[in-house]
Amino acid sequence: MATNPPRTLPASWYTSRPLYQLECRAVFLKSWYLLGPIIKFLPGTFVDYEFAGIYLTVTATPCMDPNDQRHNSSITVLDSTTGTPLRHHTTSTGLLSTTISPLAPSFHTFFPGLEGTLSTVDFTVRPHRRSIAYEGHINWKTMIDGYQECLHCQYTHPAFSLLYPPTFYAVKNHHNWCQHYADAARPDDGLFLYFLPNCTLKVYGGGMSLFRVCPTEDPGRTRMEFDYYNVVEGEEFEEYYKFVRQVADEDFELCETVQGNLERGVYAEGVLNSVKENGVAYYQQRVLEMVLEQHQEDRQQARTREAEEAAASTSAVEHAPGRHGNSIPNRAIVEASA
Ligand SMILES: [Fe+2]
């Protein structure tokens with residue numbers, strides 16, 4: 001039996017400010033964020049991040065536990081504005097993730113099964129070599145759309161496609177995270193992951209890269225943040241860096257063009273290929289579900305508030321002095337409605 005192909009999110013979701021405000025509460029405040037391997041956070045240093053308007057600082061202090069042979073520092077993540085500690089999680093192989101609000105569920109509830117996949121890689125053996133951040137004319141989802149499929153690879157990344165032909169490319173969706181396979185017949189061929197909503201991780205050979213797609217108040221402006229790790233340094237690292245930056249620049253240019261077209265109304269909504277774009281379909285569906293859930297929650301809260309206000313008004317009328325004895329206007333009601 002033929003099934004309907006998955007549909008994309010409407011173009012307005014890439015340009016609307018109110019929709020972004022809703023996404024902040026529906027998706028971002030309820031999610032987990034990959035910050036990096038713990039070796040990035042040297043004792044005595046402070047590393048700052050920002051996700052959806054929440055500023056946070058990661059600090060590491062030397063661990064006094066003599067049994068801790070591996071992770072010799074203790075991590076603290078604080079909301080930089082309020083000073084409130086934020087829940088974070090370090091995997092058994094040294095990868096740090098954080099929440100940005102108490103609304104997020106536990107790490108294992110949000111990313112079931114992820115810990116097992118991450119435990120196959122030791123994240124502490126590739127030193128941090130370089131980070132780069134810049135802002136661009138894109139919506140955060142424009143970039144994730146591109147990351148979650150490889151149909152564009154042959155056209156956009158000619159050099160990359162020669163090295164890694166996209167013939168076998170496949171994406172396996174899990175709850176709130178996706179695993180990409182360059183060659184599904186060789187599942188041990190590196191680790192390529194996406195974490196809802198905006199973090200990614202790639203590990204292959206001696207190199208590892210992470211990027212975060214950080215939205216701003218303007219739905220058409222997004223900050224990209226990349227961290228590069230590698231066992232090699234010097235010229236060998238520069239060769240690697242040149243190659244990965246070329247691929248990143250090609251993606252960025254493509255996404256800015258797509259965003260321009262979305263804003264010009266070239267495209268409104270369409271269908272996705274259920275096999276080749278299953279990663280895009282999955283994450284967009286999750287965003288849609290979370291936004292609709294939030295919208296319903298907001299409506300329910302508004303109805304409860306209205307009912308409470310109506311009950312309070314009725315109560316004020318019923319308990320007002322002279323309600324039945326004279327026609328003096330009830331001050332409580334007048335003040336409440338002023
Ligand atoms: Fe790409």
# chains A, B, ... in the order shown; residues from 1 in each chain; ligands from 1

call {"tool": "residues_around", "arguments": {"residues": "segment 103-108 of chain A", "least_positions_apart": "5", "cutoff": "9 Å", "atoms": "only C-alpha atoms", "output": "list of chain:residue names"}}
result
A:Phe28, A:Leu29, A:Lys30, A:Ser31, A:Trp32, A:Arg87, A:His88, A:His89, A:Ser97, A:Thr98, A:Gly113, A:Leu114, A:Glu115

call {"tool": "select_by_dssp", "arguments": {"residues": "segment 92-141 of chain A", "states": "alpha helix (DSSP H)", "output": "number ranges by chain"}}
result
A: 107-110, 114-118, 140-141

call {"tool": "residues_near_ligand", "arguments": {"ligand": "ligand 1", "cutoff": "9 Å", "atoms": "only C-alpha atoms and all ligand atoms", "output": "ChimeraX atom specification"}}
result
/A:146-154,156-157,247-248,250-252,254

call {"tool": "write_last_selection", "arguments": {"atoms": "N, CA and C atoms", "output": "PDB file, in the first residue's frame"}}
result
ATOM      1  N   GLY A 146      20.368  20.708   5.922  1.00  0.00           N
ATOM      2  CA  GLY A 146      21.494  20.324   5.071  1.00  0.00           C
ATOM      3  C   GLY A 146      22.334  19.223   5.708  1.00  0.00           C
ATOM      4  N   TYR A 147      22.497  19.291   7.031  1.00  0.00           N
ATOM      5  CA  TYR A 147      23.322  18.278   7.714  1.00  0.00           C
ATOM      6  C   TYR A 147      22.662  16.911   7.666  1.00  0.00           C
ATOM      7  N   GLN A 148      21.333  16.896   7.724  1.00  0.00           N
ATOM      8  CA  GLN A 148      20.599  15.645   7.889  1.00  0.00           C
ATOM      9  C   GLN A 148      20.391  14.850   6.599  1.00  0.00           C
ATOM     10  N   GLU A 149      20.918  15.329   5.484  1.00  0.00           N
ATOM     11  CA  GLU A 149      20.821  14.534   4.256  1.00  0.00           C
ATOM     12  C   GLU A 149      22.097  14.682   3.455  1.00  0.00           C
ATOM     13  N   CYS A 150      22.256  13.808   2.448  1.00  0.00           N
ATOM     14  CA  CYS A 150      23.483  13.889   1.647  1.00  0.00           C
ATOM     15  C   CYS A 150      23.177  13.975   0.152  1.00  0.00           C
ATOM     16  N   LEU A 151      21.905  14.301  -0.162  1.00  0.00           N
ATOM     17  CA  LEU A 151      21.575  14.434  -1.581  1.00  0.00           C
ATOM     18  C   LEU A 151      22.356  15.586  -2.221  1.00  0.00           C
ATOM     19  N   HIS A 152      22.681  16.590  -1.393  1.00  0.00           N
ATOM     20  CA  HIS A 152      23.371  17.754  -1.941  1.00  0.00           C
ATOM     21  C   HIS A 152      24.891  17.524  -2.070  1.00  0.00           C
ATOM     22  N   CYS A 153      25.386  16.417  -1.487  1.00  0.00           N
ATOM     23  CA  CYS A 153      26.838  16.257  -1.342  1.00  0.00           C
ATOM     24  C   CYS A 153      27.600  16.262  -2.672  1.00  0.00           C
ATOM     25  N   GLN A 154      27.108  15.491  -3.622  1.00  0.00           N
ATOM     26  CA  GLN A 154      27.849  15.364  -4.885  1.00  0.00           C
ATOM     27  C   GLN A 154      27.957  16.710  -5.602  1.00  0.00           C
ATOM     28  N   THR A 156      27.430  19.846  -4.114  1.00  0.00           N
ATOM     29  CA  THR A 156      28.013  20.930  -3.311  1.00  0.00           C
ATOM     30  C   THR A 156      29.451  20.652  -2.886  1.00  0.00           C
ATOM     31  N   HIS A 157      29.780  19.366  -2.670  1.00  0.00           N
ATOM     32  CA  HIS A 157      31.118  19.033  -2.147  1.00  0.00           C
ATOM     33  C   HIS A 157      31.872  18.121  -3.124  1.00  0.00           C
ATOM     34  N   VAL A 247      34.553  22.032   3.181  1.00  0.00           N
ATOM     35  CA  VAL A 247      33.227  21.402   3.194  1.00  0.00           C
ATOM     36  C   VAL A 247      32.241  22.290   3.963  1.00  0.00           C
ATOM     37  N   ALA A 248      32.688  22.834   5.115  1.00  0.00           N
ATOM     38  CA  ALA A 248      31.796  23.675   5.930  1.00  0.00           C
ATOM     39  C   ALA A 248      31.417  24.951   5.173  1.00  0.00           C
ATOM     40  N   GLU A 250      31.281  25.329   1.946  1.00  0.00           N
ATOM     41  CA  GLU A 250      30.367  24.971   0.853  1.00  0.00           C
ATOM     42  C   GLU A 250      28.942  24.814   1.375  1.00  0.00           C
ATOM     43  N   ASP A 251      28.804  24.175   2.552  1.00  0.00           N
ATOM     44  CA  ASP A 251      27.475  24.028   3.161  1.00  0.00           C
ATOM     45  C   ASP A 251      26.877  25.384   3.521  1.00  0.00           C
ATOM     46  N   PHE A 252      27.711  26.238   4.089  1.00  0.00           N
ATOM     47  CA  PHE A 252      27.248  27.547   4.554  1.00  0.00           C
ATOM     48  C   PHE A 252      26.709  28.381   3.389  1.00  0.00           C
ATOM     49  N   LEU A 254      25.592  27.292   0.536  1.00  0.00           N
ATOM     50  CA  LEU A 254      24.354  26.668   0.050  1.00  0.00           C
ATOM     51  C   LEU A 254      23.178  27.087   0.946  1.00  0.00           C
TER      52      LEU A 254
END

call {"tool": "residues_around", "arguments": {"residues": "Cys199 of chain A", "least_positions_apart": "3", "cutoff": "8 Å", "atoms": "only C-alpha atoms", "output": "short mmCIF file (atom, residue, chain, number, x, y, z; two decimals) with N, CA and C atoms, in the first residue's frame"}}
result
data_model
loop_
_atom_site.label_atom_id
_atom_site.label_comp_id
_atom_site.auth_asym_id
_atom_site.auth_seq_id
_atom_site.Cartn_x
_atom_site.Cartn_y
_atom_site.Cartn_z
N TYR A 33 22.38 19.70 25.22
CA TYR A 33 23.34 20.28 24.29
C TYR A 33 24.72 19.65 24.48
N LEU A 34 25.30 19.24 23.37
CA LEU A 34 26.63 18.64 23.41
C LEU A 34 27.66 19.77 23.48
N TYR A 194 23.87 13.37 14.92
CA TYR A 194 23.10 14.61 15.08
C TYR A 194 22.33 14.50 16.38
N PHE A 195 22.34 15.59 17.16
CA PHE A 195 21.60 15.63 18.42
C PHE A 195 20.57 16.74 18.34
N LEU A 196 19.29 16.40 18.49
CA LEU A 196 18.25 17.42 18.48
C LEU A 196 18.51 18.40 19.63
N LEU A 210 32.92 19.13 16.03
CA LEU A 210 31.57 19.35 16.55
C LEU A 210 31.11 20.68 15.99
N PHE A 211 29.82 20.79 15.67
CA PHE A 211 29.32 22.14 15.47
C PHE A 211 27.98 22.34 16.14
N ARG A 212 27.75 23.61 16.53
CA ARG A 212 26.50 24.01 17.17
C ARG A 212 25.88 25.09 16.30
N VAL A 213 24.59 24.96 16.04
CA VAL A 213 23.88 25.91 15.20
C VAL A 213 23.03 26.76 16.16
#

call {"tool": "closest_atom_pairs", "arguments": {"of": "segment 173-277 of chain A", "to": "segment 44-63 of chain A", "cutoff": "12 Å", "atoms": "only C-alpha atoms", "output": "tab-separated table"}}
result
residue	atom	partner	partner_atom	distance
A:Pro197	CA	A:Phe51	CA	10.5
A:Asn198	CA	A:Phe51	CA	9.4
A:Cys199	CA	A:Phe51	CA	10.7
A:Arg212	CA	A:Phe51	CA	9.1
A:Val213	CA	A:Phe51	CA	9.0
A:Cys214	CA	A:Phe51	CA	6.0
A:Pro215	CA	A:Ala52	CA	6.0
A:Thr216	CA	A:Ala52	CA	6.6
A:Glu217	CA	A:Gly53	CA	8.0
A:Asp218	CA	A:Ala52	CA	11.0
A:Pro219	CA	A:Ala52	CA	11.1
A:Thr222	CA	A:Ala52	CA	10.4
A:Arg223	CA	A:Glu50	CA	9.9
A:Met224	CA	A:Glu50	CA	11.4
A:Glu225	CA	A:Tyr49	CA	9.8

call {"tool": "write_last_selection", "arguments": {"atoms": "C-alpha atoms", "output": "mmCIF file, in the first residue's frame"}}
result
data_model
loop_
_atom_site.group_PDB
_atom_site.id
_atom_site.type_symbol
_atom_site.label_atom_id
_atom_site.label_comp_id
_atom_site.auth_asym_id
_atom_site.auth_seq_id
_atom_site.Cartn_x
_atom_site.Cartn_y
_atom_site.Cartn_z
ATOM 1 C CA PRO A 197 18.008 20.343 18.215
ATOM 2 C CA ASN A 198 21.278 21.868 17.054
ATOM 3 C CA CYS A 199 24.449 19.895 17.826
ATOM 4 C CA ARG A 212 26.501 24.010 17.166
ATOM 5 C CA VAL A 213 23.876 25.914 15.200
ATOM 6 C CA CYS A 214 22.889 28.725 17.587
ATOM 7 C CA PRO A 215 19.739 30.704 16.802
ATOM 8 C CA THR A 216 19.463 34.435 17.562
ATOM 9 C CA GLU A 217 16.401 36.644 18.162
ATOM 10 C CA ASP A 218 16.314 37.209 14.402
ATOM 11 C CA PRO A 219 15.100 33.950 12.773
ATOM 12 C CA THR A 222 22.274 32.191 13.187
ATOM 13 C CA ARG A 223 25.688 31.755 14.789
ATOM 14 C CA MET A 224 27.740 28.754 13.752
ATOM 15 C CA GLU A 225 30.297 27.417 16.227
#

call {"tool": "decode", "arguments": {"residues": "segment 76-135 of chain A", "atoms": "C-alpha atoms", "output": "mmCIF file, in the first residue's frame"}}
result
data_model
loop_
_atom_site.group_PDB
_atom_site.id
_atom_site.type_symbol
_atom_site.label_atom_id
_atom_site.label_comp_id
_atom_site.auth_asym_id
_atom_site.auth_seq_id
_atom_site.Cartn_x
_atom_site.Cartn_y
_atom_site.Cartn_z
ATOM 1 C CA THR A 76 30.394 22.648 36.873
ATOM 2 C CA VAL A 77 27.923 24.266 34.468
ATOM 3 C CA LEU A 78 26.255 27.489 35.637
ATOM 4 C CA ASP A 79 23.593 29.743 34.154
ATOM 5 C CA SER A 80 25.825 32.837 33.836
ATOM 6 C CA THR A 81 22.931 35.257 34.403
ATOM 7 C CA THR A 82 21.394 33.724 37.531
ATOM 8 C CA GLY A 83 24.343 31.699 38.840
ATOM 9 C CA THR A 84 22.069 28.639 39.008
ATOM 10 C CA PRO A 85 23.788 25.266 38.468
ATOM 11 C CA LEU A 86 22.578 23.465 35.345
ATOM 12 C CA ARG A 87 22.177 19.702 35.054
ATOM 13 C CA HIS A 88 24.906 18.200 32.893
ATOM 14 C CA HIS A 89 26.077 14.733 31.986
ATOM 15 C CA THR A 90 29.488 13.281 31.189
ATOM 16 C CA THR A 91 29.452 9.954 29.345
ATOM 17 C CA SER A 92 31.669 7.068 30.414
ATOM 18 C CA THR A 93 34.070 7.933 27.575
ATOM 19 C CA GLY A 94 34.322 11.642 28.393
ATOM 20 C CA LEU A 95 31.738 13.616 26.392
ATOM 21 C CA LEU A 96 29.994 16.507 28.186
ATOM 22 C CA SER A 97 26.385 17.610 27.526
ATOM 23 C CA THR A 98 24.222 20.105 29.394
ATOM 24 C CA THR A 99 20.674 21.353 29.843
ATOM 25 C CA ILE A 100 19.833 25.065 29.816
ATOM 26 C CA SER A 101 16.689 24.887 31.965
ATOM 27 C CA PRO A 102 14.960 22.636 34.506
ATOM 28 C CA LEU A 103 12.346 21.805 31.848
ATOM 29 C CA ALA A 104 14.588 19.241 30.112
ATOM 30 C CA PRO A 105 14.089 15.572 31.074
ATOM 31 C CA SER A 106 17.022 13.378 32.135
ATOM 32 C CA PHE A 107 19.845 12.784 29.618
ATOM 33 C CA HIS A 108 18.856 9.135 29.171
ATOM 34 C CA THR A 109 15.172 10.002 28.704
ATOM 35 C CA PHE A 110 16.003 12.644 26.134
ATOM 36 C CA PHE A 111 18.611 10.547 24.279
ATOM 37 C CA PRO A 112 17.715 6.877 24.957
ATOM 38 C CA GLY A 113 20.406 4.473 23.760
ATOM 39 C CA LEU A 114 22.904 7.205 22.957
ATOM 40 C CA GLU A 115 25.276 6.407 25.828
ATOM 41 C CA GLY A 116 25.890 2.926 24.377
ATOM 42 C CA THR A 117 26.823 4.333 20.966
ATOM 43 C CA LEU A 118 29.079 6.998 22.489
ATOM 44 C CA SER A 119 30.829 4.409 24.644
ATOM 45 C CA THR A 120 32.479 2.986 21.503
ATOM 46 C CA VAL A 121 34.772 6.018 21.213
ATOM 47 C CA ASP A 122 37.295 7.440 23.679
ATOM 48 C CA PHE A 123 36.719 11.186 23.426
ATOM 49 C CA THR A 124 39.743 12.122 25.497
ATOM 50 C CA VAL A 125 42.487 11.136 23.047
ATOM 51 C CA ARG A 126 42.121 13.884 20.415
ATOM 52 C CA PRO A 127 43.412 17.252 21.707
ATOM 53 C CA HIS A 128 41.437 20.438 21.030
ATOM 54 C CA ARG A 129 43.216 22.237 18.201
ATOM 55 C CA ARG A 130 40.972 25.083 17.062
ATOM 56 C CA SER A 131 37.521 26.680 17.320
ATOM 57 C CA ILE A 132 35.816 29.084 14.947
ATOM 58 C CA ALA A 133 32.475 30.930 15.198
ATOM 59 C CA TYR A 134 30.649 33.286 12.850
ATOM 60 C CA GLU A 135 27.147 34.498 12.142
#
